[in-house]
Amino acid sequence: MKSRALLRLAVIAAVTAAATAASAQEVIRLRIASGHPPANTYVNLMQGFFVPEVTKRVAAKTKYKVEFVEGYGGAMVKVADTLEGVQAGIIDIGGYCFCFEPSNLPLHAFQIMLPFGTMDPTVSLKVARAVYDKVPYMSKVFEDKYKQKLIALIADNGYNLGTNFAWQNVSDLKGQKIAGAGLNLKWLEFAGATPVQSSLPDAYTSMQTGVYNGWIMFPSAWVNFKLYEVGKYYTEVGFGAITWHGLTVNSARWEKLPKEVQAVILEVAKEFEAKTGTVNKENYPKQIAELKAKGVNVNAVTDKVRQDWANSLAAWPAQKAKELDAAGMPGTQVLEIALKAAEDNGHKWPIQYKLK
């Protein structure tokens, strides 16, 4: 009888201890959002990799438990308001394109200022990392001016041109309304096209209703946003794979997080950053094949067209560098590092951009 009583007491004690331990596991709630939907590769990785991995690893490595409140596709913040949403603490973590912050983050579109760069998003990340690691301003500006911490860079796959009309020569684009995001509209100047600022959530309807007739866009968007239904022509121009998105966290919220939770988030963020490169690289040929399978006319411009297009933009990088330098930003330094980093990683520029 005595041994049974002791056994019952031991079981009760174990259950009580487990319950106490569970209740002692403090819950940390974090709001994470993007104006883009999960059809965007990086948002899909936020939802499918970053959130579950942080949740799992925090539970396994710390005494805390993280619960995410997720809001994508504009549910919490719009594409052009995510920086401000993180800054104001409306959300704790935000993923967004710097292209929608031309006034706040003009230098962060530096790869756009060097058209016809690498089409490999993993190399694009390496180029961007070389810049961010050597130029403190690139990360510090988020903390100093916008009350947030940059925890990951985000690469896209290579930019080309999708349209709802056939074209072969650059002259065929003259007068056509072509959409883009921010500074990449400059690429259209040589073509004589009419640039239209837009964002992906609006793309399908805008193409369908004739607001514009084409998009400077990577193939993942043409597939995932079903733009192939309203744009049956996709031309591989090779403008470049651009790293100009980021994942940031509100500074005040970050400082309140336990150090061990911060460590996990940074660990996962680093892996998330790398995945935006590798996943986009792996998907590019699959998406081109899928477009063809869906009846899209996929073609590529000739080397001469690409060369002529690059020549038409030859003076632009130096102009942008000078403009940014005059505004107190390290424009020339950033572009010089980016040019060399691309070459160091095997990229051959169609022309030698002169910055001075």
# chains A, B, ... in the order shown; residues from 1 in each chain; ligands from 1
$ residues_around --residues "A:Pro330" --least-positions-apart "3" --cutoff "12 Å" --atoms "only C-alpha atoms" --output "list in words"
Pro106, Leu107, His108, Phe110, Val131, Tyr132, Lys134, Val135, Pro136, Tyr137, Met138, Lys320, Ala321, Lys322, Glu323, Leu324, Asp325, Ala326, Ala327, Gln333, Val334, Leu335, Glu336 and Ile337 of chain A
$ write_last_selection --atoms "N, CA and C atoms" --output "PDB file, in the first residue's frame"
ATOM      1  N   PRO A 106      16.771  55.816 -51.193  1.00  0.00           N
ATOM      2  CA  PRO A 106      17.154  55.911 -52.612  1.00  0.00           C
ATOM      3  C   PRO A 106      18.386  55.105 -52.978  1.00  0.00           C
ATOM      4  N   LEU A 107      19.341  54.999 -52.068  1.00  0.00           N
ATOM      5  CA  LEU A 107      20.583  54.290 -52.373  1.00  0.00           C
ATOM      6  C   LEU A 107      20.403  52.775 -52.377  1.00  0.00           C
ATOM      7  N   HIS A 108      19.359  52.293 -51.734  1.00  0.00           N
ATOM      8  CA  HIS A 108      19.174  50.852 -51.599  1.00  0.00           C
ATOM      9  C   HIS A 108      18.701  50.194 -52.894  1.00  0.00           C
ATOM     10  N   PHE A 110      20.568  50.362 -55.515  1.00  0.00           N
ATOM     11  CA  PHE A 110      21.817  50.550 -56.251  1.00  0.00           C
ATOM     12  C   PHE A 110      22.007  49.543 -57.377  1.00  0.00           C
ATOM     13  N   VAL A 131      28.312  44.997 -50.467  1.00  0.00           N
ATOM     14  CA  VAL A 131      28.021  46.414 -50.245  1.00  0.00           C
ATOM     15  C   VAL A 131      27.603  46.656 -48.801  1.00  0.00           C
ATOM     16  N   TYR A 132      26.643  45.897 -48.320  1.00  0.00           N
ATOM     17  CA  TYR A 132      26.117  46.117 -46.965  1.00  0.00           C
ATOM     18  C   TYR A 132      27.183  45.863 -45.903  1.00  0.00           C
ATOM     19  N   LYS A 134      30.417  46.346 -46.254  1.00  0.00           N
ATOM     20  CA  LYS A 134      31.506  47.328 -46.330  1.00  0.00           C
ATOM     21  C   LYS A 134      31.045  48.769 -46.112  1.00  0.00           C
ATOM     22  N   VAL A 135      29.735  48.993 -46.230  1.00  0.00           N
ATOM     23  CA  VAL A 135      29.208  50.358 -46.092  1.00  0.00           C
ATOM     24  C   VAL A 135      28.189  50.384 -44.946  1.00  0.00           C
ATOM     25  N   PRO A 136      28.600  50.770 -43.747  1.00  0.00           N
ATOM     26  CA  PRO A 136      27.702  50.740 -42.580  1.00  0.00           C
ATOM     27  C   PRO A 136      26.397  51.509 -42.780  1.00  0.00           C
ATOM     28  N   TYR A 137      26.441  52.574 -43.551  1.00  0.00           N
ATOM     29  CA  TYR A 137      25.236  53.394 -43.779  1.00  0.00           C
ATOM     30  C   TYR A 137      24.062  52.546 -44.247  1.00  0.00           C
ATOM     31  N   MET A 138      24.328  51.530 -45.060  1.00  0.00           N
ATOM     32  CA  MET A 138      23.254  50.760 -45.681  1.00  0.00           C
ATOM     33  C   MET A 138      22.350  50.080 -44.658  1.00  0.00           C
ATOM     34  N   LYS A 320      23.643  58.947 -61.306  1.00  0.00           N
ATOM     35  CA  LYS A 320      23.016  58.581 -60.033  1.00  0.00           C
ATOM     36  C   LYS A 320      24.010  58.672 -58.888  1.00  0.00           C
ATOM     37  N   ALA A 321      25.243  58.230 -59.122  1.00  0.00           N
ATOM     38  CA  ALA A 321      26.269  58.281 -58.082  1.00  0.00           C
ATOM     39  C   ALA A 321      26.509  59.720 -57.637  1.00  0.00           C
ATOM     40  N   LYS A 322      26.624  60.605 -58.606  1.00  0.00           N
ATOM     41  CA  LYS A 322      26.860  62.024 -58.308  1.00  0.00           C
ATOM     42  C   LYS A 322      25.684  62.622 -57.551  1.00  0.00           C
ATOM     43  N   GLU A 323      24.489  62.284 -57.970  1.00  0.00           N
ATOM     44  CA  GLU A 323      23.264  62.776 -57.323  1.00  0.00           C
ATOM     45  C   GLU A 323      23.182  62.318 -55.871  1.00  0.00           C
ATOM     46  N   LEU A 324      23.508  61.057 -55.628  1.00  0.00           N
ATOM     47  CA  LEU A 324      23.459  60.506 -54.270  1.00  0.00           C
ATOM     48  C   LEU A 324      24.582  61.077 -53.400  1.00  0.00           C
ATOM     49  N   ASP A 325      25.764  61.229 -53.987  1.00  0.00           N
ATOM     50  CA  ASP A 325      26.882  61.837 -53.252  1.00  0.00           C
ATOM     51  C   ASP A 325      26.500  63.245 -52.794  1.00  0.00           C
ATOM     52  N   ALA A 326      25.873  63.995 -53.687  1.00  0.00           N
ATOM     53  CA  ALA A 326      25.483  65.373 -53.372  1.00  0.00           C
ATOM     54  C   ALA A 326      24.446  65.437 -52.267  1.00  0.00           C
ATOM     55  N   ALA A 327      23.681  64.353 -52.126  1.00  0.00           N
ATOM     56  CA  ALA A 327      22.657  64.283 -51.079  1.00  0.00           C
ATOM     57  C   ALA A 327      23.216  63.754 -49.765  1.00  0.00           C
ATOM     58  N   GLN A 333      30.788  55.209 -53.785  1.00  0.00           N
ATOM     59  CA  GLN A 333      31.403  54.087 -53.071  1.00  0.00           C
ATOM     60  C   GLN A 333      30.590  52.814 -53.248  1.00  0.00           C
ATOM     61  N   VAL A 334      29.277  52.912 -53.085  1.00  0.00           N
ATOM     62  CA  VAL A 334      28.405  51.739 -53.193  1.00  0.00           C
ATOM     63  C   VAL A 334      28.440  51.146 -54.597  1.00  0.00           C
ATOM     64  N   LEU A 335      28.337  51.989 -55.616  1.00  0.00           N
ATOM     65  CA  LEU A 335      28.326  51.482 -56.984  1.00  0.00           C
ATOM     66  C   LEU A 335      29.678  50.886 -57.377  1.00  0.00           C
ATOM     67  N   GLU A 336      30.763  51.483 -56.880  1.00  0.00           N
ATOM     68  CA  GLU A 336      32.089  50.924 -57.164  1.00  0.00           C
ATOM     69  C   GLU A 336      32.239  49.540 -56.554  1.00  0.00           C
ATOM     70  N   ILE A 337      31.783  49.386 -55.326  1.00  0.00           N
ATOM     71  CA  ILE A 337      31.860  48.074 -54.664  1.00  0.00           C
ATOM     72  C   ILE A 337      31.002  47.062 -55.412  1.00  0.00           C
TER      73      ILE A 337
END
$ select_by_dssp --residues "stretch 90-267 of chain A" --states "strand (DSSP E or B)" --output "PyMOL selection string"
chain A and resi 93-97+148-155+159-163+177-180+194-197+214-217+233-240+243-250
$ residues_around --residues "stretch 192-197 of chain A" --least-positions-apart "2" --cutoff "8 Å" --atoms "only C-alpha atoms" --output "PyMOL selection string"
chain A and resi 171+173-182+185+188-190+199+212
$ closest_residue --among "A:Thr122, A:Asn250, A:Thr243, A:Thr205" --to "A:Lys145" --atoms "only C-alpha atoms"
A:Asn250
$ residues_around --residues "stretch 295-312 of chain A" --least-positions-apart "4" --cutoff "7 Å" --atoms "only C-alpha atoms" --output "PyMOL selection string"
chain A and resi 115-116+190+228+232-237+291+350-351
$ write_last_selection --atoms "C-alpha atoms" --output "short mmCIF file (atom, residue, chain, number, x, y, z; two decimals), in the first residue's frame"
data_model
loop_
_atom_site.label_atom_id
_atom_site.label_comp_id
_atom_site.auth_asym_id
_atom_site.auth_seq_id
_atom_site.Cartn_x
_atom_site.Cartn_y
_atom_site.Cartn_z
CA PRO A 115 21.47 47.55 -65.50
CA PHE A 116 22.29 44.23 -67.15
CA PHE A 190 15.95 53.99 -74.40
CA TYR A 228 0.33 34.66 -68.51
CA LYS A 232 1.05 36.02 -73.71
CA TYR A 233 4.55 37.27 -74.50
CA TYR A 234 7.57 36.96 -72.22
CA THR A 235 10.93 38.21 -73.49
CA GLU A 236 14.20 37.40 -71.74
CA VAL A 237 16.02 40.73 -71.78
CA LEU A 291 5.20 29.67 -69.14
CA PRO A 350 28.04 44.39 -71.32
CA ILE A 351 29.80 47.75 -71.01
#
$ closest_residue --among "A:Arg57, A:Lys292, A:Lys356, A:Lys147" --to "A:Ala88" --atoms "only C-alpha atoms"
A:Lys147
$ select_by_dssp --residues "stretch 12-224 of chain A" --states "alpha helix (DSSP H)" --output "JSON, numbers by chain"
{"A": [12, 13, 14, 15, 16, 17, 18, 19, 20, 21, 22, 23, 24, 41, 42, 43, 44, 45, 51, 52, 53, 54, 55, 56, 57, 58, 59, 60, 61, 82, 83, 84, 85, 86, 87, 88, 121, 122, 123, 124, 125, 126, 127, 128, 129, 130, 131, 132, 133, 134, 137, 138, 139, 140, 141, 142, 143, 144, 145, 146, 203, 204, 205, 206, 207, 208, 209, 219, 220, 221, 222, 223, 224]}
$ closest_residue --among "A:Asp92, A:Glu26, A:Glu229, A:Glu101" --to "A:Arg253" --atoms "only C-alpha atoms"
A:Asp92
$ closest_residue --among "A:Ala252, A:Ser206, A:Glu260, A:Met119" --to "A:Pro285" --atoms "only C-alpha atoms"
A:Met119
$ closest_residue --among "A:Val249, A:Ala342, A:Ala315, A:Ala80" --to "A:Gln262" --atoms "only C-alpha atoms"
A:Val249
$ atom_distance --atom1 "atom CA of A:Ile151" --atom2 "atom CA of A:Trp222"
28.1 Å
$ closest_residue --among "A:Tyr72, A:Phe165, A:Tyr64, A:Tyr42" --to "A:Val264" --atoms "only C-alpha atoms"
A:Tyr64
$ closest_atom_pairs --of "stretch 66-106 of chain A" --to "stretch 45-49 of chain A" --cutoff "10 Å" --atoms "only C-alpha atoms" --output "tab-separated table"
residue	atom	partner	partner_atom	distance
A:Glu70	CA	A:Gln47	CA	8.0
A:Gly71	CA	A:Gln47	CA	9.6
A:Tyr72	CA	A:Gln47	CA	8.8
A:Gly94	CA	A:Met46	CA	9.6
A:Gly95	CA	A:Met46	CA	8.1
